[in-house]
Amino acid sequence: MPKPAIQRPAGTPSDSPATEQAAELSIAEQIDALTDPNFMTSLARGLAVLRTFSDTRRPLTIAQISQKTGIPRAAVRRCLHTLQQLGYAEAEMNNFSLRPKVLTLGYSYLSSTPLAVSSQPYLNNISGALNESSSLAVLDDSEVLYVARSATSRVMSVALNAGSRLPAYCTSLGRVMLAHLAPDELDAYFARTRLRPMTERTVVSPARLREILAGVRQDGYAINDEELELGLRSIAVPVRGASGKVLAALNVGAQAARVSAAQMKEEFLPVLQRGARELSVLLP
């Protein structure tokens, strides 16, 4: 299937040919474009190889990893050999998969971040009050990174857990955090992010997204209405630190057939806002 074209309004900072070309760069090309003499290309490639496994539940071959990342097969082979020797990966014939030891890489973050460590009781309270799944996430580059979750039921076709990632532009969590970026940070986000339709309801026009984000910033919450996945509706609010800066986002997701957008605003929003205030106490 051909990739959908990026829709950009004329005259925006993300309308230049250079930006269009940057959005098409492979992972390997993005790594090679970094010319800092202190930058370790081999380490960056190894991390890229690790992340290739994040969107699949099956083993991968060297050729598949090379195709996904653009990294030459010889370099992929060396990365995988190193990961095997360190106990982070294993191979059966030519099929590679990650080993449990790789969890230690993320555990260091989760165990040392006050928000991730202390938020679970608050999420459990929110889920218990609303009988719906709730999540806490931070913005990491162009994606939302889940740092904690309380699941009452599975509302998406894919399982979401701490460490899961989703696009920021078509999620309520992401829109809350994007809405509070500085103007130059938001311009940089649109310049590097390829907007792909996840459903027929997904907004992929940068101009329209900017309007939506302005509304989210003014209203203090975001509702996602089946833009990420059909049948899924969610609402999110910002979580602020002591300085007032938005450092994370809190949301609740539910089946669209069961919970209307109006119900989310009337019943879910006050509970989320109370939870966000409680969580803010944990942040510097």
# chains A, B, ... in the order shown; residues from 1 in each chain; ligands from 1
$ select_by_dssp --residues "range 109-238 of chain A" --states "strand (DSSP E)" --output "MDAnalysis selection string"
chainID A and resid 133:140 143:150 165:167 222:225 232:238
$ residues_around --residues "Val216 in chain A" --least-positions-apart "6" --cutoff "12 Å" --atoms "only C-alpha atoms" --output "list in words"
Ser172, Leu173, Gly174, Arg175, Val176, Met177, Leu178, Ala179, His180, Leu181, Leu209, Arg210, Ala222, Ile223, Asn224, Ile235, Ala236, Val237 and Pro238 of chain A
$ write_last_selection --atoms "N, CA, C and O atoms" --output "compact mmCIF listing (two decimals), in the first residue's frame"
# COMPACT_ATOMS: atom_id res chain seq x y z
N SER A 172 -5.65 11.41 22.72
CA SER A 172 -6.02 12.48 23.65
C SER A 172 -4.83 12.85 24.54
O SER A 172 -4.61 14.03 24.83
N LEU A 173 -4.06 11.86 24.97
CA LEU A 173 -2.88 12.12 25.78
C LEU A 173 -1.89 13.03 25.03
O LEU A 173 -1.37 14.00 25.58
N GLY A 174 -1.64 12.67 23.78
CA GLY A 174 -0.69 13.43 22.99
C GLY A 174 -1.15 14.84 22.72
O GLY A 174 -0.36 15.80 22.80
N ARG A 175 -2.41 15.01 22.41
CA ARG A 175 -2.92 16.36 22.10
C ARG A 175 -2.86 17.28 23.30
O ARG A 175 -2.59 18.48 23.16
N VAL A 176 -3.10 16.74 24.50
CA VAL A 176 -2.99 17.57 25.69
C VAL A 176 -1.58 18.10 25.85
O VAL A 176 -1.36 19.29 26.16
N MET A 177 -0.58 17.24 25.61
CA MET A 177 0.80 17.67 25.79
C MET A 177 1.28 18.53 24.63
O MET A 177 2.01 19.50 24.83
N LEU A 178 0.87 18.21 23.41
CA LEU A 178 1.24 19.04 22.26
C LEU A 178 0.65 20.45 22.39
O LEU A 178 1.27 21.43 22.00
N ALA A 179 -0.54 20.54 22.95
CA ALA A 179 -1.22 21.83 23.06
C ALA A 179 -0.47 22.79 23.96
O ALA A 179 -0.65 24.01 23.86
N HIS A 180 0.38 22.25 24.83
CA HIS A 180 1.09 23.11 25.78
C HIS A 180 2.57 23.27 25.43
O HIS A 180 3.35 23.77 26.25
N LEU A 181 2.96 22.86 24.23
CA LEU A 181 4.32 23.12 23.77
C LEU A 181 4.49 24.59 23.41
O LEU A 181 3.53 25.25 23.01
N LEU A 209 -5.20 20.50 12.84
CA LEU A 209 -4.66 20.05 14.12
C LEU A 209 -4.25 21.23 15.00
O LEU A 209 -4.46 21.21 16.22
N ARG A 210 -3.66 22.24 14.39
CA ARG A 210 -3.29 23.42 15.17
C ARG A 210 -4.53 24.09 15.77
O ARG A 210 -4.49 24.57 16.91
N ALA A 222 -8.70 17.20 26.31
CA ALA A 222 -8.83 16.76 24.92
C ALA A 222 -9.68 15.50 24.87
O ALA A 222 -9.51 14.61 25.71
N ILE A 223 -10.57 15.44 23.90
CA ILE A 223 -11.36 14.23 23.67
C ILE A 223 -10.98 13.68 22.30
O ILE A 223 -11.00 14.41 21.30
N ASN A 224 -10.64 12.43 22.26
CA ASN A 224 -10.32 11.75 21.01
C ASN A 224 -11.51 10.86 20.65
O ASN A 224 -11.90 9.97 21.41
N ILE A 235 -10.57 10.61 26.84
CA ILE A 235 -10.46 12.00 27.29
C ILE A 235 -9.20 12.12 28.15
O ILE A 235 -8.88 11.21 28.91
N ALA A 236 -8.48 13.23 28.00
CA ALA A 236 -7.22 13.42 28.72
C ALA A 236 -7.13 14.83 29.27
O ALA A 236 -7.71 15.78 28.71
N VAL A 237 -6.36 14.96 30.35
CA VAL A 237 -6.09 16.27 30.96
C VAL A 237 -4.60 16.37 31.24
O VAL A 237 -3.91 15.36 31.40
N PRO A 238 -4.08 17.59 31.33
CA PRO A 238 -2.65 17.76 31.62
C PRO A 238 -2.33 17.53 33.10
O PRO A 238 -3.18 17.77 33.97
$ residues_around --residues "Ala48 in chain A" --least-positions-apart "6" --cutoff "12 Å" --atoms "only C-alpha atoms" --output "JSON, numbers by chain"
{"A": [26, 27, 28, 29, 30, 31, 41, 42, 54, 65, 66, 68, 69, 70, 71, 75, 76, 79, 80]}
$ write_last_selection --atoms "C-alpha atoms" --output "mmCIF file, in the first residue's frame"
data_model
loop_
_atom_site.group_PDB
_atom_site.id
_atom_site.type_symbol
_atom_site.label_atom_id
_atom_site.label_comp_id
_atom_site.auth_asym_id
_atom_site.auth_seq_id
_atom_site.Cartn_x
_atom_site.Cartn_y
_atom_site.Cartn_z
ATOM 1 C CA SER A 26 15.019 6.321 7.356
ATOM 2 C CA ILE A 27 16.261 5.677 10.876
ATOM 3 C CA ALA A 28 19.733 5.002 9.493
ATOM 4 C CA GLU A 29 19.734 8.275 7.553
ATOM 5 C CA GLN A 30 18.637 10.205 10.631
ATOM 6 C CA ILE A 31 21.522 8.653 12.576
ATOM 7 C CA THR A 41 26.844 5.901 15.659
ATOM 8 C CA SER A 42 27.313 2.278 16.679
ATOM 9 C CA SER A 54 8.727 -2.892 19.854
ATOM 10 C CA ILE A 65 15.469 -5.337 10.640
ATOM 11 C CA SER A 66 17.648 -3.845 7.916
ATOM 12 C CA LYS A 68 12.744 -1.447 8.773
ATOM 13 C CA THR A 69 15.673 0.734 9.848
ATOM 14 C CA GLY A 70 17.734 1.265 6.709
ATOM 15 C CA ILE A 71 20.809 0.064 8.611
ATOM 16 C CA ALA A 75 25.853 -3.556 10.847
ATOM 17 C CA VAL A 76 22.570 -5.161 11.957
ATOM 18 C CA CYS A 79 24.428 -5.242 16.651
ATOM 19 C CA LEU A 80 22.501 -8.478 17.119
#
$ atom_distance --atom1 "CA of Ser164 in chain A" --atom2 "CA of Tyr107 in chain A"
13.4 Å
$ residues_around --residues "Thr193 in chain A" --least-positions-apart "2" --cutoff "9 Å" --atoms "only C-alpha atoms" --output "list in words"
Ala23, Ser142, Tyr169, Ala188, Tyr189, Phe190, Ala191 and Leu195 of chain A
$ write_last_selection --atoms "N, CA, C and O atoms" --output "PDB file, in the first residue's frame"
ATOM      1  N   ALA A  23      11.111  14.284   6.631  1.00  0.00           N
ATOM      2  CA  ALA A  23      10.083  13.384   7.128  1.00  0.00           C
ATOM      3  C   ALA A  23      10.197  11.999   6.516  1.00  0.00           C
ATOM      4  O   ALA A  23       9.670  11.031   7.041  1.00  0.00           O
ATOM      5  N   SER A 142       8.023  12.310  19.153  1.00  0.00           N
ATOM      6  CA  SER A 142       6.749  12.483  18.459  1.00  0.00           C
ATOM      7  C   SER A 142       5.668  11.527  18.965  1.00  0.00           C
ATOM      8  O   SER A 142       4.609  11.422  18.355  1.00  0.00           O
ATOM      9  N   TYR A 169      -0.272  12.849  17.751  1.00  0.00           N
ATOM     10  CA  TYR A 169      -1.223  13.714  17.060  1.00  0.00           C
ATOM     11  C   TYR A 169      -2.647  13.169  17.057  1.00  0.00           C
ATOM     12  O   TYR A 169      -3.601  13.936  16.907  1.00  0.00           O
ATOM     13  N   ALA A 188       8.492  22.499  15.367  1.00  0.00           N
ATOM     14  CA  ALA A 188       9.475  21.427  15.175  1.00  0.00           C
ATOM     15  C   ALA A 188       8.790  20.076  15.155  1.00  0.00           C
ATOM     16  O   ALA A 188       9.179  19.181  14.387  1.00  0.00           O
ATOM     17  N   TYR A 189       7.756  19.907  15.980  1.00  0.00           N
ATOM     18  CA  TYR A 189       7.009  18.644  15.993  1.00  0.00           C
ATOM     19  C   TYR A 189       6.368  18.372  14.637  1.00  0.00           C
ATOM     20  O   TYR A 189       6.496  17.279  14.081  1.00  0.00           O
ATOM     21  N   PHE A 190       5.676  19.381  14.093  1.00  0.00           N
ATOM     22  CA  PHE A 190       5.029  19.184  12.794  1.00  0.00           C
ATOM     23  C   PHE A 190       6.054  18.978  11.687  1.00  0.00           C
ATOM     24  O   PHE A 190       5.792  18.265  10.717  1.00  0.00           O
ATOM     25  N   ALA A 191       7.226  19.583  11.831  1.00  0.00           N
ATOM     26  CA  ALA A 191       8.258  19.446  10.801  1.00  0.00           C
ATOM     27  C   ALA A 191       8.814  18.043  10.729  1.00  0.00           C
ATOM     28  O   ALA A 191       9.200  17.567   9.657  1.00  0.00           O
ATOM     29  N   LEU A 195       2.071  12.640   9.413  1.00  0.00           N
ATOM     30  CA  LEU A 195       0.706  12.448   9.887  1.00  0.00           C
ATOM     31  C   LEU A 195       0.009  11.403   9.024  1.00  0.00           C
ATOM     32  O   LEU A 195      -0.265  11.645   7.850  1.00  0.00           O
TER      33      LEU A 195
END
